[in-house]
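Visitor: If you scroll down you'll find the structure; I have some questions about it.
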Amino acid sequence: MRLDVTSAIGQAREHVQHQLQLGCGASLELLNTHLPQDELVESLTTAAPSPHTSPILDCLLVLTRRRLLFIAPAPRVVSWRLPAIAQVHATGGVVDIYDTSGSQHQLGVDTEQGPDFASRVQAAVALAILRDRPTDR
């Protein structure tokens, strides 16, 4: 496992680390194998494709310095460049991601770690906008 992924797992709450070990193996393997080596994982948490129909958190929300990624074991990956995220917030097991095109995405997220993760994303978005260069797009 990549050191940045291992470090991000270690920063997660204990019960989220347990969720990662139990059900997120396929999503973690996809991340570990295919994320470019120069794109480091800063934070991650468990997620689900829908907050309403999928109580199993076997997917990942991954924050890097460049992007927010949703990774499902299907495999399915959704990527948002940080400067293209207008707003992120999490309450009650739901994370809402609004992008600058006006689209809204709702995913399931751990009820305890979700708000902290959303705060990390908001901070990363602000930093990404400050350092945005045309070559990053």
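Quick note on naming: the chains in the structure tokens go A, B, ... in the order shown, residues restart at 1 in each chain, and ligands are numbered from 1 in order of appearance.
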Among chain A, which ones does DSSP place in alpha helix (DSSP H), written as a ChimeraX atom specification?
Guide: /A:3-11,14-23,25-34,114-131
Visitor: Mind dumping the selected residues with C-alpha atoms as a PDB file, in the first residue's frame?
Guide:
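The result, written out as again_24.pdb:
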ATOM      1  CA  LEU A   3       2.615   5.424   2.147  1.00  0.00           C
ATOM      2  CA  ASP A   4       0.285   8.391   1.545  1.00  0.00           C
ATOM      3  CA  VAL A   5      -2.746   6.081   1.523  1.00  0.00           C
ATOM      4  CA  THR A   6      -1.571   4.329   4.692  1.00  0.00           C
ATOM      5  CA  SER A   7      -1.038   7.704   6.371  1.00  0.00           C
ATOM      6  CA  ALA A   8      -4.514   8.928   5.349  1.00  0.00           C
ATOM      7  CA  ILE A   9      -6.064   5.729   6.724  1.00  0.00           C
ATOM      8  CA  GLY A  10      -4.201   6.270   9.983  1.00  0.00           C
ATOM      9  CA  GLN A  11      -5.684   9.779  10.289  1.00  0.00           C
ATOM     10  CA  GLU A  14     -10.966   4.291  14.461  1.00  0.00           C
ATOM     11  CA  HIS A  15     -14.386   3.040  13.367  1.00  0.00           C
ATOM     12  CA  VAL A  16     -13.759   4.390   9.841  1.00  0.00           C
ATOM     13  CA  GLN A  17     -10.435   2.533   9.760  1.00  0.00           C
ATOM     14  CA  HIS A  18     -12.446  -0.584  10.622  1.00  0.00           C
ATOM     15  CA  GLN A  19     -14.921   0.142   7.783  1.00  0.00           C
ATOM     16  CA  LEU A  20     -11.973   0.586   5.405  1.00  0.00           C
ATOM     17  CA  GLN A  21     -10.554  -2.800   6.389  1.00  0.00           C
ATOM     18  CA  LEU A  22     -13.887  -4.626   6.152  1.00  0.00           C
ATOM     19  CA  GLY A  23     -15.495  -3.401   2.963  1.00  0.00           C
ATOM     20  CA  GLY A  25     -10.598  -3.440  -0.263  1.00  0.00           C
ATOM     21  CA  ALA A  26     -11.562  -3.174  -3.944  1.00  0.00           C
ATOM     22  CA  SER A  27     -11.825   0.627  -3.823  1.00  0.00           C
ATOM     23  CA  LEU A  28      -8.508   0.911  -1.962  1.00  0.00           C
ATOM     24  CA  GLU A  29      -6.825  -1.371  -4.486  1.00  0.00           C
ATOM     25  CA  LEU A  30      -8.132   0.730  -7.376  1.00  0.00           C
ATOM     26  CA  LEU A  31      -6.800   3.876  -5.685  1.00  0.00           C
ATOM     27  CA  ASN A  32      -3.476   2.313  -4.734  1.00  0.00           C
ATOM     28  CA  THR A  33      -2.842   0.864  -8.183  1.00  0.00           C
ATOM     29  CA  HIS A  34      -3.990   3.656 -10.475  1.00  0.00           C
ATOM     30  CA  GLY A 114     -18.279  13.266   7.165  1.00  0.00           C
ATOM     31  CA  PRO A 115     -18.400  16.831   8.560  1.00  0.00           C
ATOM     32  CA  ASP A 116     -14.670  16.797   9.372  1.00  0.00           C
ATOM     33  CA  PHE A 117     -13.862  15.476   5.903  1.00  0.00           C
ATOM     34  CA  ALA A 118     -16.061  18.148   4.281  1.00  0.00           C
ATOM     35  CA  SER A 119     -14.178  20.833   6.252  1.00  0.00           C
ATOM     36  CA  ARG A 120     -10.879  19.448   4.959  1.00  0.00           C
ATOM     37  CA  VAL A 121     -12.201  19.577   1.406  1.00  0.00           C
ATOM     38  CA  GLN A 122     -13.369  23.189   1.844  1.00  0.00           C
ATOM     39  CA  ALA A 123      -9.906  24.199   3.090  1.00  0.00           C
ATOM     40  CA  ALA A 124      -8.214  22.321   0.226  1.00  0.00           C
ATOM     41  CA  VAL A 125     -10.510  24.033  -2.310  1.00  0.00           C
ATOM     42  CA  ALA A 126      -9.536  27.466  -0.967  1.00  0.00           C
ATOM     43  CA  LEU A 127      -5.819  26.611  -1.185  1.00  0.00           C
ATOM     44  CA  ALA A 128      -6.216  25.158  -4.674  1.00  0.00           C
ATOM     45  CA  ILE A 129      -7.949  28.309  -5.902  1.00  0.00           C
ATOM     46  CA  LEU A 130      -5.167  30.443  -4.441  1.00  0.00           C
ATOM     47  CA  ARG A 131      -2.454  28.437  -6.200  1.00  0.00           C
TER      48      ARG A 131
END
Visitor: Taking only C-alpha atoms into account, which of A:Arg2, A:Arg67, A:His52, A:Arg81 comes nearest Gly93 (chain A)?
Guide: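 So, comparing all the options, the nearest one is A:His52.
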Visitor: Which residues in region 39-131 of chain A does DSSP call strand (DSSP E or B)? List them as a VMD selection string.
Guide: chain A and resid 41 to 48 59 to 64 67 to 72 76 to 81 85 to 91 94 to 99 104 to 109
Visitor: Could you save those same residues with N, CA and C atoms as a short mmCIF file (atom, residue, chain, number, x, y, z; two decimals), in the first residue's frame?
Guide:
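Produced file again.cif, reproduced below:
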data_model
loop_
_atom_site.label_atom_id
_atom_site.label_comp_id
_atom_site.auth_asym_id
_atom_site.auth_seq_id
_atom_site.Cartn_x
_atom_site.Cartn_y
_atom_site.Cartn_z
N VAL A 41 -2.37 11.37 -1.64
CA VAL A 41 -3.61 11.36 -0.89
C VAL A 41 -3.39 12.12 0.41
N GLU A 42 -4.24 13.11 0.66
CA GLU A 42 -4.15 13.89 1.89
C GLU A 42 -5.13 13.42 2.95
N SER A 43 -6.30 12.94 2.52
CA SER A 43 -7.32 12.49 3.45
C SER A 43 -8.27 11.57 2.71
N LEU A 44 -8.92 10.67 3.44
CA LEU A 44 -9.94 9.84 2.83
C LEU A 44 -10.94 9.40 3.88
N THR A 45 -12.10 9.00 3.40
CA THR A 45 -13.14 8.46 4.27
C THR A 45 -13.99 7.48 3.48
N THR A 46 -14.78 6.71 4.19
CA THR A 46 -15.69 5.77 3.53
C THR A 46 -16.89 6.52 2.98
N ALA A 47 -17.48 5.94 1.95
CA ALA A 47 -18.62 6.58 1.29
C ALA A 47 -19.51 5.52 0.66
N ALA A 48 -20.64 5.96 0.15
CA ALA A 48 -21.58 5.10 -0.57
C ALA A 48 -22.10 5.88 -1.78
N CYS A 59 -17.20 2.34 -0.53
CA CYS A 59 -16.57 3.24 -1.49
C CYS A 59 -15.69 4.23 -0.73
N LEU A 60 -14.97 5.04 -1.47
CA LEU A 60 -14.08 6.01 -0.86
C LEU A 60 -14.36 7.42 -1.36
N LEU A 61 -14.17 8.39 -0.49
CA LEU A 61 -14.01 9.78 -0.88
C LEU A 61 -12.57 10.10 -0.56
N VAL A 62 -11.83 10.56 -1.56
CA VAL A 62 -10.39 10.76 -1.43
C VAL A 62 -10.06 12.20 -1.78
N LEU A 63 -9.31 12.85 -0.90
CA LEU A 63 -8.86 14.21 -1.13
C LEU A 63 -7.38 14.19 -1.44
N THR A 64 -7.02 14.75 -2.60
CA THR A 64 -5.62 14.96 -2.93
C THR A 64 -5.41 16.47 -3.01
N ARG A 67 -7.52 17.10 -6.45
CA ARG A 67 -8.88 16.62 -6.76
C ARG A 67 -9.58 16.05 -5.53
N LEU A 68 -10.90 15.95 -5.66
CA LEU A 68 -11.73 15.14 -4.79
C LEU A 68 -12.19 13.99 -5.66
N LEU A 69 -12.00 12.77 -5.17
CA LEU A 69 -12.35 11.58 -5.93
C LEU A 69 -13.39 10.76 -5.19
N PHE A 70 -14.36 10.23 -5.91
CA PHE A 70 -15.26 9.21 -5.39
C PHE A 70 -14.88 7.92 -6.10
N ILE A 71 -14.53 6.89 -5.34
CA ILE A 71 -14.09 5.63 -5.92
C ILE A 71 -14.98 4.50 -5.41
N ALA A 72 -15.63 3.81 -6.35
CA ALA A 72 -16.48 2.67 -6.03
C ALA A 72 -15.85 1.40 -6.59
N ARG A 76 -15.84 2.34 -10.51
CA ARG A 76 -16.44 3.61 -10.91
C ARG A 76 -15.69 4.71 -10.19
N VAL A 77 -15.29 5.73 -10.92
CA VAL A 77 -14.58 6.85 -10.32
C VAL A 77 -15.17 8.16 -10.84
N VAL A 78 -15.42 9.08 -9.92
CA VAL A 78 -15.85 10.42 -10.28
C VAL A 78 -14.78 11.36 -9.72
N SER A 79 -14.38 12.34 -10.52
CA SER A 79 -13.31 13.24 -10.13
C SER A 79 -13.77 14.69 -10.26
N TRP A 80 -13.48 15.49 -9.23
CA TRP A 80 -13.73 16.91 -9.28
C TRP A 80 -12.40 17.62 -9.04
N ARG A 81 -11.97 18.46 -9.95
CA ARG A 81 -10.81 19.32 -9.71
C ARG A 81 -11.20 20.27 -8.58
N ILE A 85 -14.94 23.01 -7.41
CA ILE A 85 -15.91 22.72 -6.36
C ILE A 85 -16.35 24.05 -5.74
N ALA A 86 -17.65 24.29 -5.77
CA ALA A 86 -18.19 25.53 -5.23
C ALA A 86 -18.49 25.41 -3.74
N GLN A 87 -18.96 24.22 -3.32
CA GLN A 87 -19.35 24.04 -1.93
C GLN A 87 -19.41 22.56 -1.61
N VAL A 88 -19.04 22.21 -0.38
CA VAL A 88 -19.15 20.84 0.13
C VAL A 88 -19.63 20.93 1.57
N HIS A 89 -20.63 20.13 1.91
CA HIS A 89 -21.01 20.02 3.32
C HIS A 89 -21.59 18.64 3.57
N ALA A 90 -21.47 18.21 4.82
CA ALA A 90 -21.92 16.88 5.21
C ALA A 90 -22.71 16.95 6.51
N THR A 91 -23.89 16.37 6.49
CA THR A 91 -24.71 16.24 7.70
C THR A 91 -25.53 14.97 7.59
N VAL A 94 -24.95 12.31 4.83
CA VAL A 94 -25.05 12.76 3.44
C VAL A 94 -23.99 13.82 3.21
N VAL A 95 -23.24 13.67 2.13
CA VAL A 95 -22.32 14.74 1.71
C VAL A 95 -22.87 15.30 0.41
N ASP A 96 -22.99 16.62 0.37
CA ASP A 96 -23.43 17.34 -0.83
C ASP A 96 -22.22 18.04 -1.43
N ILE A 97 -22.00 17.79 -2.72
CA ILE A 97 -20.90 18.42 -3.44
C ILE A 97 -21.52 19.24 -4.56
N TYR A 98 -21.28 20.53 -4.54
CA TYR A 98 -21.77 21.43 -5.57
C TYR A 98 -20.57 21.89 -6.38
N ASP A 99 -20.66 21.78 -7.71
CA ASP A 99 -19.54 22.25 -8.51
C ASP A 99 -19.89 23.59 -9.16
N GLN A 104 -25.14 19.33 -8.56
CA GLN A 104 -25.08 18.87 -7.18
C GLN A 104 -24.95 17.36 -7.19
N HIS A 105 -24.10 16.84 -6.31
CA HIS A 105 -23.90 15.40 -6.18
C HIS A 105 -24.10 15.05 -4.72
N GLN A 106 -24.92 14.03 -4.45
CA GLN A 106 -25.14 13.55 -3.09
C GLN A 106 -24.59 12.15 -2.96
N LEU A 107 -23.79 11.94 -1.92
CA LEU A 107 -23.23 10.63 -1.64
C LEU A 107 -23.46 10.30 -0.18
N GLY A 108 -23.44 9.01 0.14
CA GLY A 108 -23.46 8.61 1.53
C GLY A 108 -22.08 8.76 2.11
N VAL A 109 -22.01 9.11 3.40
CA VAL A 109 -20.72 9.30 4.07
C VAL A 109 -20.91 8.94 5.54
#
Visitor: Rounded to one decimal place, report the CA of Pro73 (chain A)-CA of Ser103 (chain A) distance in Å.
Guide: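 Between CA of Pro73 (chain A) and CA of Ser103 (chain A) the gap works out to 23.6 Å.
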Visitor: So which one's closest to Leu82 (chain A), A:Glu112, A:Asp132, A:Cys24, A:Asp38? Using only C-alpha atoms, please.
Guide: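 Smallest distance to Leu82 (chain A) is found for A:Asp132.
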